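Structure file data.cif with mmCIF, C-alpha atoms:
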data_entry
#
loop_
_atom_site.label_atom_id
_atom_site.label_comp_id
_atom_site.auth_asym_id
_atom_site.auth_seq_id
_atom_site.Cartn_x
_atom_site.Cartn_y
_atom_site.Cartn_z
CA VAL A 80 -14.92 -22.38 -3.66
CA GLY A 81 -13.91 -20.24 -0.67
CA LEU A 82 -10.68 -18.93 -2.15
CA ASP A 83 -9.39 -15.39 -1.89
CA ILE A 84 -6.85 -13.92 -4.30
CA MET A 85 -3.56 -12.18 -3.53
CA VAL A 86 -1.33 -10.58 -6.16
CA ASN A 87 1.94 -8.76 -5.74
CA GLU A 88 3.89 -6.24 -7.74
CA HIS A 89 7.62 -6.06 -8.22
CA HIS A 90 9.63 -4.67 -11.07
CA ASN A 91 12.64 -5.81 -13.12
CA ALA A 92 12.45 -9.39 -11.86
CA TYR A 93 11.25 -12.71 -13.23
CA THR A 94 9.80 -13.54 -9.81
CA CYS A 95 6.79 -11.29 -10.45
CA MET A 96 5.19 -10.74 -13.82
CA ASN A 97 2.51 -8.27 -12.62
CA VAL A 98 3.24 -4.77 -13.82
CA SER A 99 0.59 -3.38 -11.46
CA CYS A 100 -1.43 -4.95 -8.66
CA MET A 101 -4.29 -2.58 -9.34
CA LEU A 102 -4.42 -3.43 -13.04
CA THR A 103 -4.59 -7.15 -12.28
CA LEU A 104 -7.07 -6.74 -9.41
CA GLY A 105 -9.26 -4.42 -11.49
CA THR A 106 -9.59 -7.21 -14.03
CA LEU A 107 -10.25 -9.82 -11.32
CA ALA A 108 -12.86 -7.55 -9.70
CA THR A 109 -14.93 -7.65 -12.87
CA VAL A 110 -14.87 -11.44 -13.28
CA THR A 111 -15.40 -12.43 -9.62
CA SER A 112 -18.16 -11.57 -7.18
CA LYS A 113 -17.31 -12.92 -3.74
CA VAL A 114 -13.55 -13.37 -3.27
CA ARG A 115 -11.49 -10.91 -1.26
CA LEU A 116 -8.81 -9.27 -3.40
CA LEU A 117 -5.46 -8.43 -1.81
CA ALA A 118 -2.70 -6.35 -3.35
CA LEU A 119 0.40 -7.34 -1.39
CA GLY A 120 1.60 -4.96 -2.37
CA VAL A 121 2.03 -1.70 -4.18
CA PRO A 122 5.76 -0.76 -3.95
CA LEU A 123 5.57 2.94 -3.19
CA LEU A 124 9.26 3.60 -3.82
CA ASN A 125 8.75 2.52 -7.43
CA ARG A 126 5.52 4.44 -7.91
CA MET A 127 6.44 8.08 -8.33
CA ASP A 128 2.89 9.44 -8.06
CA PRO A 129 1.02 8.60 -4.83
CA MET A 130 -2.04 10.48 -6.08
CA ARG A 131 -2.31 7.99 -8.92
CA VAL A 132 -1.93 5.10 -6.45
CA ALA A 133 -4.80 6.50 -4.36
CA GLU A 134 -7.01 6.85 -7.44
CA GLU A 135 -6.27 3.28 -8.53
CA ILE A 136 -7.06 1.92 -5.05
CA ALA A 137 -10.40 3.75 -4.90
CA TYR A 138 -11.32 2.69 -8.42
CA VAL A 139 -10.61 -1.01 -7.83
CA ASP A 140 -12.42 -0.85 -4.49
CA VAL A 141 -15.49 0.45 -6.31
CA LEU A 142 -15.17 -2.15 -9.09
CA SER A 143 -14.96 -4.92 -6.50
CA ARG A 144 -17.79 -3.48 -4.39
CA GLY A 145 -15.61 -3.36 -1.30
CA ARG A 146 -13.66 -6.60 -1.61
CA LEU A 147 -10.24 -4.93 -1.87
CA GLU A 148 -7.40 -4.97 0.69
CA VAL A 149 -4.17 -3.12 -0.08
CA GLY A 150 -0.57 -3.59 0.96
CA LEU A 151 1.44 -0.37 0.84
CA ILE A 152 4.99 -1.65 0.74
CA LYS A 153 8.44 -0.15 0.24
CA GLY A 154 9.54 -2.69 -2.35
CA SER A 155 12.61 -4.87 -2.59
CA THR A 156 16.20 -3.71 -2.34
CA PHE A 157 16.84 -4.11 -6.08
CA GLU A 158 13.82 -1.89 -6.76
CA LEU A 159 15.49 0.90 -4.80
CA TYR A 160 18.32 0.74 -7.30
CA VAL A 161 16.21 0.69 -10.46
CA SER A 162 13.91 3.48 -9.24
CA ASN A 163 16.84 5.74 -8.27
CA ALA A 164 15.55 5.92 -4.70
CA HIS A 165 18.22 7.02 -2.27
CA PRO A 166 18.56 4.38 0.47
CA VAL A 167 19.10 7.00 3.19
CA THR A 168 15.92 8.95 2.41
CA ALA A 169 13.78 6.08 1.07
CA THR A 170 11.95 5.39 4.33
CA ARG A 171 11.01 9.06 4.74
CA ARG A 172 9.79 9.17 1.13
CA TYR A 173 7.80 5.97 1.66
CA TRP A 174 5.98 7.42 4.71
CA GLU A 175 5.25 10.67 2.83
CA ALA A 176 3.70 8.68 -0.02
CA HIS A 177 1.82 6.50 2.46
CA ASP A 178 0.44 9.50 4.35
CA MET A 179 -0.57 11.27 1.13
CA ILE A 180 -2.41 8.17 -0.14
CA LYS A 181 -4.22 7.74 3.16
CA ALA A 182 -5.20 11.41 3.23
CA ALA A 183 -6.42 11.26 -0.38
CA LEU A 184 -8.54 8.18 0.31
CA THR A 185 -10.10 9.44 3.55
CA HIS A 186 -10.57 13.17 2.93
CA THR A 187 -14.26 13.97 2.38
CA ASP A 188 -14.45 17.76 2.72
CA GLY A 189 -13.72 18.57 -0.91
CA PRO A 190 -10.36 19.06 -2.59
CA PHE A 191 -7.25 19.79 -0.55
CA SER A 192 -3.61 20.55 -1.29
CA TRP A 193 -0.65 18.46 -0.21
CA GLU A 194 2.86 19.79 0.21
CA SER A 195 5.74 17.73 1.53
CA GLU A 196 9.42 17.25 0.85
CA ASN A 197 8.81 14.85 -2.04
CA PHE A 198 5.22 15.41 -3.20
CA ASN A 199 3.33 18.59 -3.99
CA TYR A 200 -0.25 18.62 -5.23
CA ARG A 201 -2.34 21.76 -5.56
CA TYR A 202 -5.59 19.86 -5.94
CA VAL A 203 -6.27 16.43 -4.42
CA SER A 204 -9.70 14.89 -4.90
CA VAL A 205 -10.13 11.16 -5.41
CA ILE A 206 -13.13 10.38 -7.60
CA PRO A 207 -14.76 7.92 -7.29
CA ARG A 208 -14.54 7.63 -3.51
CA CYS A 209 -13.70 4.26 -2.00
CA TYR A 210 -16.56 1.81 -1.65
CA GLN A 211 -15.27 0.86 1.83
CA GLN A 212 -15.32 3.88 4.08
CA PRO A 213 -13.08 5.47 4.98
CA MET A 214 -10.77 3.20 2.91
CA PRO A 215 -9.95 -0.47 2.28
CA PRO A 216 -7.99 -2.38 4.95
CA ILE A 217 -4.26 -1.69 4.74
CA TRP A 218 -1.49 -4.25 4.98
CA MET A 219 2.27 -3.81 5.33
CA THR A 220 5.10 -6.27 4.79
CA THR A 221 8.23 -6.18 6.86
CA LEU A 222 11.37 -7.93 7.93
CA SER A 223 12.11 -5.36 10.64
CA THR A 224 10.83 -4.93 14.18
CA SER A 225 10.49 -1.15 13.78
CA THR A 226 8.19 -1.45 10.75
CA ALA A 227 6.22 -4.20 12.52
CA LYS A 228 5.65 -1.74 15.37
CA ASP A 229 4.65 1.02 12.92
CA ALA A 230 2.12 -1.31 11.27
CA ALA A 231 0.61 -2.30 14.61
CA GLN A 232 0.31 1.32 15.77
CA ARG A 233 -1.69 2.08 12.62
CA GLY A 234 -3.92 -0.98 13.06
CA TYR A 235 -2.67 -2.58 9.84
CA VAL A 236 -2.39 -6.25 9.05
CA VAL A 237 1.25 -7.22 8.78
CA GLY A 238 2.74 -9.77 6.43
CA ILE A 239 6.15 -11.03 7.48
CA THR A 240 7.57 -13.00 4.61
CA ALA A 241 10.70 -14.72 3.40
CA VAL A 242 12.90 -15.08 6.49
CA ALA A 243 11.86 -17.16 9.51
CA ARG A 244 14.24 -15.47 11.97
CA ALA A 245 12.88 -12.05 10.97
CA ALA A 246 9.34 -13.31 11.54
CA ARG A 247 10.31 -14.67 14.97
CA ALA A 248 11.76 -11.27 15.90
CA ALA A 249 9.11 -8.99 14.35
CA TYR A 250 5.85 -10.79 15.10
CA PRO A 251 6.00 -10.56 18.94
CA ILE A 252 6.72 -6.82 18.65
CA TYR A 253 3.78 -6.41 16.25
CA ARG A 254 1.43 -8.43 18.44
CA GLU A 255 2.37 -6.61 21.65
CA GLU A 256 1.93 -3.19 20.03
CA TYR A 257 -1.28 -4.19 18.22
CA LEU A 258 -2.93 -5.39 21.45
CA LYS A 259 -2.23 -2.11 23.31
#
Written form, structure tokens:
Amino acid sequence: VGLDIMVNEHHNAYTCMNVSCMLTLGTLATVTSKVRLLALGVPLLNRMDPMRVAEEIAYVDVLSRGRLEVGLIKGSTFELYVSNAHPVTATRRYWEAHDMIKAALTHTDGPFSWESENFNYRYVSVIPRCYQQPMPPIWMTTLSTSTAKDAAQRGYVVGITAVARAARAAYPIYREEYLK
């Protein structure tokens, strides 16, 4: 039919009934064969274990035979509240989780340890490895120009949703930085 599938994950809201993008996409990977599967996204401030997120991403990528794309998002403002994330340190915690997930998905020289302010792992080894090497394409969502710039610098696809004026402000910044 030519359709691709996108699912999202939010918590404590009637606007999203998925408890986990990866759970839903794992199921869809087994009953489809050609569609691209996009998790937009996995709210890292709600997920307390980035190692588990990395394992789920790799597993679904293998199940789908490389049809997975993943949005690593912060989550909504009400999710900050319900996950006890401190608004002042949330962005730093998000980037630590992001960096740990990326390292776990791309590291190929055997197990490694990860120590940061919020996450400490003595032994990191994602098995199975991602089907797409070094990892599936990464997306980010944003309403801010600074995050749009961060996404572009990393070569990520950006999704600017919900507010037209935010999109008008953020997209030119993203495009300019992405084309550098």
- Message: Taking all atoms listed in the file into account, name the residue in A:Arg201, A:Lys259, A:Arg126, A:Lys228 that is nearest to A:His90.
- Response: A:Arg126
Polymer residues at most 10 Å from A:Arg131, all atoms listed in the file, same-chain spacing of 5 or more positions, as a PDB file with C-alpha atoms, in the frame of the given file:
ATOM      1  CA  ARG A 126       5.520   4.440  -7.910  1.00  0.00           C
ATOM      2  CA  ILE A 136      -7.060   1.920  -5.050  1.00  0.00           C
ATOM      3  CA  ALA A 137     -10.400   3.750  -4.900  1.00  0.00           C
ATOM      4  CA  ILE A 180      -2.410   8.170  -0.140  1.00  0.00           C
ATOM      5  CA  VAL A 205     -10.130  11.160  -5.410  1.00  0.00           C
TER       6      VAL A 205
END
- Message: Can you spell out as a ChimeraX atom specification the set of residues that the PyMOL selection byres ((chain A and resi 95-97) around 12) selects in the structure I just provided?
- Response: /A:85-94,98-104,118-122,155
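Using only C-alpha atoms, the shortest contact distance between A:Asn197 and any of A:Glu134, A:Glu256, A:Asp128, A:Glu148 is found at A:Asp128.
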- Message: Just want the 12 Å neighbourhood of A:Tyr138, counted on all atoms listed in the file, with same-chain residues fewer than 4 positions away dropped. Output as an MDAnalysis selection string.
- Response: chainID A and resid 101:102 104:106 108:109 131:134 142:147 184 205:211 214:215
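Between atom CA of A:Arg115 and atom CA of A:Glu158 the interatomic distance comes to 27.4 Å.
Among A:Ile217, A:Val203, A:Val141, A:Leu258, the residue with the shortest atom-to-atom distance to A:Phe191, counting only C-alpha atoms, is A:Val203.
Going from atom CA of A:Ala176 to atom CA of A:Phe198 covers 7.6 Å.
Here atom CA of A:Leu124 stands at a distance of 21.7 Å from atom CA of A:Gln232.
Using all atoms listed in the file, the shortest contact distance between A:Met219 and any of A:Thr168, A:Ser195, A:Thr240, A:Ser204 is found at A:Thr240.
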- Message: Given the PyMOL selection byres ((chain A and resi 245-248) around 12) and the file above, list the residues it selects as a PyMOL selection string.
- Response: chain A and resi 220-228+237-244+249-255
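Comparing the minimum interatomic distances between A:Leu123 and each of A:Leu151, A:Val167, A:Ala182, A:Ala230, counting only C-alpha atoms, we find that A:Leu151 sits nearest.
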